[in-house]
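Inspection log for the structure reproduced underneath, given as structure tokens.
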Amino acid sequence: MSMFPELHRIALVGAGEVARCYGPALKSAGVEIPFLLVRRKAPAALELARQLQAELCLAPDEAWLGLDAVISAVTGAQAAAVAQAVLPWLSPGSLYMDLCTGEPQDMEAMAELARQRDVDFVDIAIMGSVPTTGVRTSLLGAGQGAERAAAFWQARGAAMRVLPGKAGDAMRLKLLRSLMTKGLEALAIENLMLAERMGLREELHEVLRDLDHHGLRHFMELCLRTHLVHGVRRRDEVLQVKRQLEQAGIAPRVMGGVLDFFQHTADTPALQRGQALGVEESLAVLLADADDKAR
């Protein structure tokens, strides 16, 4: 049994894909959603309000004081403005759950505004595809209200993990994951395009199988520890790959950035070592260089 009181009345903000998934699912699970807040009464919003049997609102008012919680599911660009508009109309002790892909700094500011009004705030990062896995999509939460929000979502089948840090940290981790996954997405596509032109697509998968053996963490840390030793030589390999792309008629968009990274190492003696360093030492060297270039 949860140590937190049940959240019975929850307002939903937004009528996009996330709201259209979570709203009906929560309604079916017995959660009352009396208000749906949107910027304009578009057909999708009207239909969602009908499904939820909710009052379609363009602004919150004193009726919101009786809510247990609010779920904000708008775009990241709208997240802070929504919080500023909604928080003054919530009662002390209520819970504000932000599911927007907003800026981490905005999450910190919203958490402070919520704290001033004695409202629990949680920054929730959606760590999967809501259209695919629905209400069971994995979530990551941080902030004063994270444990309370986790109890709510876990009771409805969502795997929500709570971070020990402050509001904004869940979004920071999501963006770190995006840096890796979106970078790999672009690299994989460019790689497969070249492999197809070379007639070696199936063989490519075979020669990459060794990357599966030790796992991603091992690969990332191995790259980090050996880059300062082999960065110059690897720059030369990248140049070769770039030429192959150009000869195949493929613009080297990803490899252009990769070449810039390795070229910087080749041009910077402070980034070159005779033997591999540990993970912490390698990071210290690279971050010191980044700080130096930022000055």
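Residues are referred to by chain and number: the chain letter is A, B, ... according to the order shown in the structure tokens, the number counts from 1 in that chain, and ligands are numbered separately from 1 in the order shown.
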All residues 10 Å or closer to Met110 (chain A), only C-alpha atoms, same chain fewer than 2 positions away omitted, as a PDB file with N, CA, C and O atoms, in the first residue's frame:
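The result, written out as selection18.pdb:
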ATOM      1  N   ALA A  79       6.245  24.778 -21.528  1.00  0.00           N
ATOM      2  CA  ALA A  79       6.203  24.219 -20.172  1.00  0.00           C
ATOM      3  C   ALA A  79       6.255  25.281 -19.084  1.00  0.00           C
ATOM      4  O   ALA A  79       5.449  25.272 -18.140  1.00  0.00           O
ATOM      5  N   ALA A  80       7.201  26.208 -19.174  1.00  0.00           N
ATOM      6  CA  ALA A  80       7.366  27.198 -18.115  1.00  0.00           C
ATOM      7  C   ALA A  80       6.164  28.135 -18.037  1.00  0.00           C
ATOM      8  O   ALA A  80       5.680  28.460 -16.944  1.00  0.00           O
ATOM      9  N   ALA A  81       5.653  28.571 -19.193  1.00  0.00           N
ATOM     10  CA  ALA A  81       4.499  29.472 -19.203  1.00  0.00           C
ATOM     11  C   ALA A  81       3.270  28.796 -18.613  1.00  0.00           C
ATOM     12  O   ALA A  81       2.491  29.425 -17.885  1.00  0.00           O
ATOM     13  N   VAL A  82       3.099  27.505 -18.894  1.00  0.00           N
ATOM     14  CA  VAL A  82       1.970  26.759 -18.334  1.00  0.00           C
ATOM     15  C   VAL A  82       2.081  26.687 -16.817  1.00  0.00           C
ATOM     16  O   VAL A  82       1.108  26.910 -16.094  1.00  0.00           O
ATOM     17  N   ALA A  83       3.263  26.375 -16.323  1.00  0.00           N
ATOM     18  CA  ALA A  83       3.456  26.281 -14.871  1.00  0.00           C
ATOM     19  C   ALA A  83       3.170  27.618 -14.196  1.00  0.00           C
ATOM     20  O   ALA A  83       2.527  27.671 -13.135  1.00  0.00           O
ATOM     21  N   GLN A  84       3.640  28.700 -14.789  1.00  0.00           N
ATOM     22  CA  GLN A  84       3.408  30.021 -14.214  1.00  0.00           C
ATOM     23  C   GLN A  84       1.924  30.371 -14.181  1.00  0.00           C
ATOM     24  O   GLN A  84       1.458  31.049 -13.262  1.00  0.00           O
ATOM     25  N   LEU A  87       0.169  27.174 -11.469  1.00  0.00           N
ATOM     26  CA  LEU A  87       0.549  27.027 -10.057  1.00  0.00           C
ATOM     27  C   LEU A  87      -0.186  27.965  -9.101  1.00  0.00           C
ATOM     28  O   LEU A  87      -0.539  27.542  -7.985  1.00  0.00           O
ATOM     29  N   TYR A  96       2.221  18.757  -8.883  1.00  0.00           N
ATOM     30  CA  TYR A  96       2.349  19.205 -10.268  1.00  0.00           C
ATOM     31  C   TYR A  96       3.331  18.279 -10.969  1.00  0.00           C
ATOM     32  O   TYR A  96       4.504  18.216 -10.616  1.00  0.00           O
ATOM     33  N   ASP A  98       5.159  17.433 -14.411  1.00  0.00           N
ATOM     34  CA  ASP A  98       5.539  17.987 -15.710  1.00  0.00           C
ATOM     35  C   ASP A  98       6.125  16.893 -16.589  1.00  0.00           C
ATOM     36  O   ASP A  98       7.195  16.367 -16.309  1.00  0.00           O
ATOM     37  N   PRO A 104      16.125  21.807 -18.747  1.00  0.00           N
ATOM     38  CA  PRO A 104      16.360  21.479 -17.334  1.00  0.00           C
ATOM     39  C   PRO A 104      16.337  22.703 -16.421  1.00  0.00           C
ATOM     40  O   PRO A 104      15.830  22.642 -15.296  1.00  0.00           O
ATOM     41  N   GLN A 105      16.873  23.824 -16.896  1.00  0.00           N
ATOM     42  CA  GLN A 105      16.880  25.043 -16.077  1.00  0.00           C
ATOM     43  C   GLN A 105      15.455  25.531 -15.827  1.00  0.00           C
ATOM     44  O   GLN A 105      15.156  26.068 -14.743  1.00  0.00           O
ATOM     45  N   ASP A 106      14.571  25.352 -16.818  1.00  0.00           N
ATOM     46  CA  ASP A 106      13.170  25.726 -16.625  1.00  0.00           C
ATOM     47  C   ASP A 106      12.527  24.853 -15.553  1.00  0.00           C
ATOM     48  O   ASP A 106      11.700  25.324 -14.761  1.00  0.00           O
ATOM     49  N   MET A 107      12.905  23.578 -15.531  1.00  0.00           N
ATOM     50  CA  MET A 107      12.357  22.672 -14.530  1.00  0.00           C
ATOM     51  C   MET A 107      12.759  23.120 -13.122  1.00  0.00           C
ATOM     52  O   MET A 107      11.949  23.099 -12.191  1.00  0.00           O
ATOM     53  N   GLU A 108      14.001  23.546 -12.978  1.00  0.00           N
ATOM     54  CA  GLU A 108      14.458  24.034 -11.679  1.00  0.00           C
ATOM     55  C   GLU A 108      13.661  25.267 -11.253  1.00  0.00           C
ATOM     56  O   GLU A 108      13.261  25.394 -10.084  1.00  0.00           O
ATOM     57  N   GLU A 112      11.018  25.701  -8.019  1.00  0.00           N
ATOM     58  CA  GLU A 112      11.138  26.747  -7.000  1.00  0.00           C
ATOM     59  C   GLU A 112       9.820  27.502  -6.859  1.00  0.00           C
ATOM     60  O   GLU A 112       9.387  27.815  -5.737  1.00  0.00           O
ATOM     61  N   LEU A 113       9.175  27.802  -7.985  1.00  0.00           N
ATOM     62  CA  LEU A 113       7.876  28.476  -7.936  1.00  0.00           C
ATOM     63  C   LEU A 113       6.851  27.605  -7.210  1.00  0.00           C
ATOM     64  O   LEU A 113       6.058  28.103  -6.396  1.00  0.00           O
ATOM     65  N   ALA A 114       6.872  26.303  -7.474  1.00  0.00           N
ATOM     66  CA  ALA A 114       5.958  25.382  -6.797  1.00  0.00           C
ATOM     67  C   ALA A 114       6.251  25.326  -5.301  1.00  0.00           C
ATOM     68  O   ALA A 114       5.332  25.320  -4.470  1.00  0.00           O
ATOM     69  N   ARG A 115       7.537  25.308  -4.955  1.00  0.00           N
ATOM     70  CA  ARG A 115       7.916  25.260  -3.531  1.00  0.00           C
ATOM     71  C   ARG A 115       7.388  26.481  -2.786  1.00  0.00           C
ATOM     72  O   ARG A 115       6.913  26.373  -1.653  1.00  0.00           O
ATOM     73  N   GLN A 116       7.470  27.639  -3.429  1.00  0.00           N
ATOM     74  CA  GLN A 116       6.982  28.862  -2.799  1.00  0.00           C
ATOM     75  C   GLN A 116       5.480  28.796  -2.511  1.00  0.00           C
ATOM     76  O   GLN A 116       4.992  29.484  -1.609  1.00  0.00           O
ATOM     77  N   PHE A 121       6.424  19.393  -6.774  1.00  0.00           N
ATOM     78  CA  PHE A 121       6.724  19.422  -8.208  1.00  0.00           C
ATOM     79  C   PHE A 121       7.592  18.233  -8.573  1.00  0.00           C
ATOM     80  O   PHE A 121       8.517  17.872  -7.835  1.00  0.00           O
ATOM     81  N   VAL A 122       7.315  17.638  -9.730  1.00  0.00           N
ATOM     82  CA  VAL A 122       8.161  16.557 -10.225  1.00  0.00           C
ATOM     83  C   VAL A 122       8.391  16.737 -11.718  1.00  0.00           C
ATOM     84  O   VAL A 122       7.477  16.991 -12.491  1.00  0.00           O
ATOM     85  N   ASP A 123       9.641  16.652 -12.072  1.00  0.00           N
ATOM     86  CA  ASP A 123      10.100  16.674 -13.472  1.00  0.00           C
ATOM     87  C   ASP A 123      10.110  15.220 -13.934  1.00  0.00           C
ATOM     88  O   ASP A 123      10.859  14.398 -13.419  1.00  0.00           O
ATOM     89  N   ALA A 167      14.862  18.585  -9.337  1.00  0.00           N
ATOM     90  CA  ALA A 167      14.059  18.748 -10.544  1.00  0.00           C
ATOM     91  C   ALA A 167      14.944  19.267 -11.664  1.00  0.00           C
ATOM     92  O   ALA A 167      15.774  20.147 -11.469  1.00  0.00           O
ATOM     93  N   GLY A 168      14.777  18.721 -12.839  1.00  0.00           N
ATOM     94  CA  GLY A 168      15.629  19.043 -13.972  1.00  0.00           C
ATOM     95  C   GLY A 168      16.580  17.920 -14.303  1.00  0.00           C
ATOM     96  O   GLY A 168      17.003  17.765 -15.455  1.00  0.00           O
TER      97      GLY A 168
END
>> Which residues are close to Ala125 (chain A), i.e. within 12 Å by only C-alpha atoms, leaving aside same-chain residues fewer than 3 positions away? Reply as a PyMOL selection string.
In response: chain A and resi 18+72-73+76+97-104+107+122+128-130+137-143+146+159-163+167-178
Prev. selection, C-alpha atoms, output as a PDB file, in the first residue's frame:
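Below is the file that was written, again.pdb:
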ATOM      1  CA  VAL A  18       1.020  12.327 -24.854  1.00  0.00           C
ATOM      2  CA  SER A  72       1.309  19.088 -17.878  1.00  0.00           C
ATOM      3  CA  ALA A  73       1.857  17.458 -21.277  1.00  0.00           C
ATOM      4  CA  GLY A  76       8.922  22.002 -23.943  1.00  0.00           C
ATOM      5  CA  MET A  97       3.657  16.593 -12.715  1.00  0.00           C
ATOM      6  CA  ASP A  98       5.539  17.987 -15.710  1.00  0.00           C
ATOM      7  CA  LEU A  99       5.844  15.521 -18.599  1.00  0.00           C
ATOM      8  CA  CYS A 100       7.156  18.111 -21.057  1.00  0.00           C
ATOM      9  CA  THR A 101      10.500  17.864 -22.810  1.00  0.00           C
ATOM     10  CA  GLY A 102      11.541  21.244 -21.442  1.00  0.00           C
ATOM     11  CA  GLU A 103      14.850  22.833 -20.577  1.00  0.00           C
ATOM     12  CA  PRO A 104      16.360  21.479 -17.334  1.00  0.00           C
ATOM     13  CA  MET A 107      12.357  22.672 -14.530  1.00  0.00           C
ATOM     14  CA  VAL A 122       8.161  16.557 -10.225  1.00  0.00           C
ATOM     15  CA  GLY A 128      10.150   5.496 -24.466  1.00  0.00           C
ATOM     16  CA  SER A 129       7.463   5.670 -27.117  1.00  0.00           C
ATOM     17  CA  VAL A 130       4.083   6.560 -25.612  1.00  0.00           C
ATOM     18  CA  THR A 137       5.977   3.577 -20.894  1.00  0.00           C
ATOM     19  CA  SER A 138       9.016   3.901 -18.648  1.00  0.00           C
ATOM     20  CA  LEU A 139       9.323   7.192 -16.779  1.00  0.00           C
ATOM     21  CA  LEU A 140      12.152   8.917 -14.935  1.00  0.00           C
ATOM     22  CA  GLY A 141      11.324  11.416 -12.190  1.00  0.00           C
ATOM     23  CA  ALA A 142      13.190  13.982 -10.107  1.00  0.00           C
ATOM     24  CA  GLY A 143      12.138  16.645  -7.656  1.00  0.00           C
ATOM     25  CA  ALA A 146       9.010  12.384  -7.373  1.00  0.00           C
ATOM     26  CA  ALA A 159       7.791   1.672 -14.553  1.00  0.00           C
ATOM     27  CA  MET A 160       8.822   4.989 -13.007  1.00  0.00           C
ATOM     28  CA  ARG A 161      12.288   5.329 -11.509  1.00  0.00           C
ATOM     29  CA  VAL A 162      13.046   8.105  -9.035  1.00  0.00           C
ATOM     30  CA  LEU A 163      16.350   9.971  -9.200  1.00  0.00           C
ATOM     31  CA  ALA A 167      14.059  18.748 -10.544  1.00  0.00           C
ATOM     32  CA  GLY A 168      15.629  19.043 -13.972  1.00  0.00           C
ATOM     33  CA  ASP A 169      17.869  16.003 -13.531  1.00  0.00           C
ATOM     34  CA  ALA A 170      15.359  13.669 -15.183  1.00  0.00           C
ATOM     35  CA  MET A 171      15.327  15.885 -18.252  1.00  0.00           C
ATOM     36  CA  ARG A 172      19.116  16.157 -18.177  1.00  0.00           C
ATOM     37  CA  LEU A 173      19.391  12.371 -18.316  1.00  0.00           C
ATOM     38  CA  LYS A 174      16.847  12.197 -21.137  1.00  0.00           C
ATOM     39  CA  LEU A 175      18.867  14.711 -23.139  1.00  0.00           C
ATOM     40  CA  LEU A 176      22.080  12.792 -22.453  1.00  0.00           C
ATOM     41  CA  ARG A 177      20.364   9.685 -23.755  1.00  0.00           C
ATOM     42  CA  SER A 178      19.180  11.649 -26.788  1.00  0.00           C
TER      43      SER A 178
END
> If you run DSSP on this backbone, which residues of region 5-215 of chain A come out as strand (DSSP E), and could you give them as a PyMOL selection string?
Replying inline: chain A and resi 10-13+35-37+55-57+69-72+95-98+120-126+139-142+160-162
>> With only C-alpha atoms as the counted atoms, please give the residues lying no more than 12 Å from Leu184 (chain A), apart from itself and same-chain residues fewer than 5 positions off, as a PyMOL selection string.
In response: chain A and resi 177-179+189-192+216+254-255+258
> Which residue, A:Phe261, A:Phe152, A:Phe219, A:Trp64, has the smallest gap to Leu7 (chain A) when you use only C-alpha atoms?
Replying inline: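 Of A:Phe261, A:Phe152, A:Phe219, A:Trp64, the one nearest Leu7 (chain A) is A:Phe152, counting only C-alpha atoms.
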>> Quick check, in Å to one decimal: how far apart do CA of Leu271 (chain A) and CA of Ala288 (chain A) lie?
In response: 9.8 Å
> Expressed in Å to a single decimal, how great is the separation between CA of Asp68 (chain A) and CA of Ala155 (chain A)?
Replying inline: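 CA of Ala155 (chain A) lies 16.1 Å from CA of Asp68 (chain A).
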> What are the DSSP helix (DSSP H, G or I) residues of region 132-253 of chain A, as a ChimeraX atom specification?
Replying inline: /A:132-136,146-154,169-198,201-207,210-214,216-247,253
>> For Val232 (chain A), find every residue with an atom within 10 Å (counting only C-alpha atoms), except residues of its own chain fewer than 4 positions away, and show them as a list in words.
In response: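 In the requested format, the answer is His227, Leu228, Asp236, Glu237, Val238, Phe262, Gln263, His264, Thr265, Ala266, Asp267, Thr268, Leu271 and Gln272 of chain A.
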Keeping only N, CA, C and O atoms, write those residues as a PDB file, in the first residue's frame.
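Once written, again.pdb looks like this:
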ATOM      1  N   HIS A 227      41.268   7.393 -26.765  1.00  0.00           N
ATOM      2  CA  HIS A 227      41.219   8.486 -27.748  1.00  0.00           C
ATOM      3  C   HIS A 227      42.480   9.344 -27.703  1.00  0.00           C
ATOM      4  O   HIS A 227      43.008   9.748 -28.751  1.00  0.00           O
ATOM      5  N   LEU A 228      42.976   9.642 -26.525  1.00  0.00           N
ATOM      6  CA  LEU A 228      44.139  10.525 -26.408  1.00  0.00           C
ATOM      7  C   LEU A 228      45.416   9.876 -26.952  1.00  0.00           C
ATOM      8  O   LEU A 228      46.373  10.576 -27.268  1.00  0.00           O
ATOM      9  N   ASP A 236      42.999   9.982 -39.406  1.00  0.00           N
ATOM     10  CA  ASP A 236      43.332   9.561 -40.763  1.00  0.00           C
ATOM     11  C   ASP A 236      42.308   8.563 -41.301  1.00  0.00           C
ATOM     12  O   ASP A 236      41.952   8.603 -42.480  1.00  0.00           O
ATOM     13  N   GLU A 237      41.820   7.665 -40.442  1.00  0.00           N
ATOM     14  CA  GLU A 237      40.780   6.718 -40.865  1.00  0.00           C
ATOM     15  C   GLU A 237      39.494   7.445 -41.211  1.00  0.00           C
ATOM     16  O   GLU A 237      38.799   7.099 -42.170  1.00  0.00           O
ATOM     17  N   VAL A 238      39.167   8.448 -40.419  1.00  0.00           N
ATOM     18  CA  VAL A 238      37.957   9.226 -40.677  1.00  0.00           C
ATOM     19  C   VAL A 238      38.066   9.926 -42.029  1.00  0.00           C
ATOM     20  O   VAL A 238      37.081  10.002 -42.788  1.00  0.00           O
ATOM     21  N   PHE A 262      37.958  14.752 -34.458  1.00  0.00           N
ATOM     22  CA  PHE A 262      39.275  14.116 -34.452  1.00  0.00           C
ATOM     23  C   PHE A 262      40.366  15.085 -34.908  1.00  0.00           C
ATOM     24  O   PHE A 262      41.508  15.007 -34.440  1.00  0.00           O
ATOM     25  N   GLN A 263      40.018  16.001 -35.821  1.00  0.00           N
ATOM     26  CA  GLN A 263      41.001  16.973 -36.275  1.00  0.00           C
ATOM     27  C   GLN A 263      41.428  17.882 -35.128  1.00  0.00           C
ATOM     28  O   GLN A 263      42.602  18.256 -35.012  1.00  0.00           O
ATOM     29  N   HIS A 264      40.468  18.215 -34.267  1.00  0.00           N
ATOM     30  CA  HIS A 264      40.799  19.044 -33.111  1.00  0.00           C
ATOM     31  C   HIS A 264      41.818  18.334 -32.213  1.00  0.00           C
ATOM     32  O   HIS A 264      42.772  18.950 -31.729  1.00  0.00           O
ATOM     33  N   THR A 265      41.621  17.035 -32.011  1.00  0.00           N
ATOM     34  CA  THR A 265      42.585  16.272 -31.214  1.00  0.00           C
ATOM     35  C   THR A 265      43.955  16.266 -31.883  1.00  0.00           C
ATOM     36  O   THR A 265      44.989  16.438 -31.228  1.00  0.00           O
ATOM     37  N   ALA A 266      43.964  16.062 -33.194  1.00  0.00           N
ATOM     38  CA  ALA A 266      45.230  16.026 -33.923  1.00  0.00           C
ATOM     39  C   ALA A 266      45.950  17.368 -33.891  1.00  0.00           C
ATOM     40  O   ALA A 266      47.194  17.419 -33.922  1.00  0.00           O
ATOM     41  N   ASP A 267      45.195  18.452 -33.810  1.00  0.00           N
ATOM     42  CA  ASP A 267      45.780  19.794 -33.810  1.00  0.00           C
ATOM     43  C   ASP A 267      46.130  20.299 -32.411  1.00  0.00           C
ATOM     44  O   ASP A 267      46.673  21.405 -32.274  1.00  0.00           O
ATOM     45  N   THR A 268      45.811  19.521 -31.377  1.00  0.00           N
ATOM     46  CA  THR A 268      45.987  19.980 -29.997  1.00  0.00           C
ATOM     47  C   THR A 268      46.946  19.055 -29.248  1.00  0.00           C
ATOM     48  O   THR A 268      46.555  17.985 -28.772  1.00  0.00           O
ATOM     49  N   LEU A 271      46.079  17.227 -26.010  1.00  0.00           N
ATOM     50  CA  LEU A 271      45.121  16.117 -26.048  1.00  0.00           C
ATOM     51  C   LEU A 271      45.763  14.813 -26.525  1.00  0.00           C
ATOM     52  O   LEU A 271      45.047  13.856 -26.821  1.00  0.00           O
ATOM     53  N   GLN A 272      47.059  14.779 -26.584  1.00  0.00           N
ATOM     54  CA  GLN A 272      47.748  13.591 -27.085  1.00  0.00           C
ATOM     55  C   GLN A 272      48.613  12.970 -25.985  1.00  0.00           C
ATOM     56  O   GLN A 272      49.318  13.681 -25.271  1.00  0.00           O
TER      57      GLN A 272
END
Selection: 12 Å around Leu48 (chain A), only C-alpha atoms, excl. self and same-chain fewer than 2 positions, as a PDB file with C-alpha atoms, in the first residue's frame:
ATOM      1  CA  LEU A  12      -4.667  17.626 -17.786  1.00  0.00           C
ATOM      2  CA  VAL A  13      -2.850  20.321 -19.726  1.00  0.00           C
ATOM      3  CA  GLY A  14      -2.391  19.806 -23.469  1.00  0.00           C
ATOM      4  CA  ALA A  15      -4.118  17.825 -26.181  1.00  0.00           C
ATOM      5  CA  GLY A  16      -1.153  16.412 -28.053  1.00  0.00           C
ATOM      6  CA  GLU A  17      -0.042  12.821 -28.487  1.00  0.00           C
ATOM      7  CA  VAL A  18       1.020  12.327 -24.854  1.00  0.00           C
ATOM      8  CA  ALA A  19      -2.188  13.828 -23.454  1.00  0.00           C
ATOM      9  CA  ARG A  20      -4.338  11.798 -25.848  1.00  0.00           C
ATOM     10  CA  CYS A  21      -2.612   8.633 -24.639  1.00  0.00           C
ATOM     11  CA  TYR A  22      -2.495   9.224 -20.890  1.00  0.00           C
ATOM     12  CA  GLY A  23      -5.826  11.025 -20.492  1.00  0.00           C
ATOM     13  CA  PRO A  24      -8.181   8.222 -21.622  1.00  0.00           C
ATOM     14  CA  ALA A  25      -6.015   5.578 -19.914  1.00  0.00           C
ATOM     15  CA  LYS A  27      -9.941   7.971 -17.056  1.00  0.00           C
ATOM     16  CA  ILE A  33     -10.157  14.511 -15.007  1.00  0.00           C
ATOM     17  CA  PHE A  35     -10.455  20.012 -16.567  1.00  0.00           C
ATOM     18  CA  LEU A  36      -8.549  19.951 -19.855  1.00  0.00           C
ATOM     19  CA  LEU A  37      -6.474  23.109 -20.358  1.00  0.00           C
ATOM     20  CA  VAL A  38      -5.457  24.058 -23.908  1.00  0.00           C
ATOM     21  CA  LYS A  41     -10.336  24.857 -28.799  1.00  0.00           C
ATOM     22  CA  ALA A  42      -9.123  22.839 -31.754  1.00  0.00           C
ATOM     23  CA  PRO A  43     -11.028  19.729 -32.940  1.00  0.00           C
ATOM     24  CA  ALA A  44      -8.507  17.375 -31.277  1.00  0.00           C
ATOM     25  CA  ALA A  45      -8.913  19.178 -27.960  1.00  0.00           C
ATOM     26  CA  LEU A  46     -12.700  19.135 -28.203  1.00  0.00           C
ATOM     27  CA  ARG A  50     -15.469  14.740 -24.753  1.00  0.00           C
ATOM     28  CA  GLN A  51     -13.686  11.439 -24.096  1.00  0.00           C
ATOM     29  CA  LEU A  52     -12.577  12.593 -20.659  1.00  0.00           C
ATOM     30  CA  GLN A  53     -15.888  14.239 -19.811  1.00  0.00           C
ATOM     31  CA  ALA A  54     -13.759  17.234 -18.908  1.00  0.00           C
ATOM     32  CA  GLU A  55     -14.418  20.944 -19.050  1.00  0.00           C
ATOM     33  CA  LEU A  56     -12.316  22.442 -21.837  1.00  0.00           C
TER      34      LEU A  56
END
>> So that I can check the surroundings of Gln247 (chain A), please list as a PyMOL selection string every protein, DNA and RNA residue that reaches within 12 Å of it, counting only C-alpha atoms and ignoring chain neighbours fewer than 6 positions away.
In response: chain A and resi 194+197-198+240-241
Once you have the residues from the selection above, write them out as an mmCIF file, in the first residue's frame, restricted to N, CA and C atoms.
data_model
loop_
_atom_site.group_PDB
_atom_site.id
_atom_site.type_symbol
_atom_site.label_atom_id
_atom_site.label_comp_id
_atom_site.auth_asym_id
_atom_site.auth_seq_id
_atom_site.Cartn_x
_atom_site.Cartn_y
_atom_site.Cartn_z
ATOM 1 N N LEU A 194 26.240 4.104 -47.098
ATOM 2 C CA LEU A 194 27.507 3.795 -47.762
ATOM 3 C C LEU A 194 27.666 2.296 -47.977
ATOM 4 N N ARG A 197 25.696 1.262 -50.996
ATOM 5 C CA ARG A 197 26.361 1.647 -52.247
ATOM 6 C C ARG A 197 27.544 0.730 -52.548
ATOM 7 N N MET A 198 28.200 0.250 -51.510
ATOM 8 C CA MET A 198 29.346 -0.648 -51.681
ATOM 9 C C MET A 198 28.936 -2.095 -51.889
ATOM 10 N N GLN A 240 39.646 8.827 -44.589
ATOM 11 C CA GLN A 240 39.412 7.790 -45.595
ATOM 12 C C GLN A 240 37.911 7.519 -45.761
ATOM 13 N N VAL A 241 37.207 7.410 -44.636
ATOM 14 C CA VAL A 241 35.767 7.161 -44.691
ATOM 15 C C VAL A 241 35.062 8.314 -45.397
#
> Could you name the residues that touch region 220-224 of chain A at 9 Å or less, counting only C-alpha atoms, but leaving out those on the same chain fewer than 6 positions away, as number ranges by chain?
Replying inline: A: 277-279, 282-283
>> Just to confirm, what's the straight-line distance from CA of Glu47 (chain A) to CA of Ser28 (chain A) in Å (one decimal)?
In response: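 Answer for the CA of Glu47 (chain A) to CA of Ser28 (chain A) separation: 16.0 Å.
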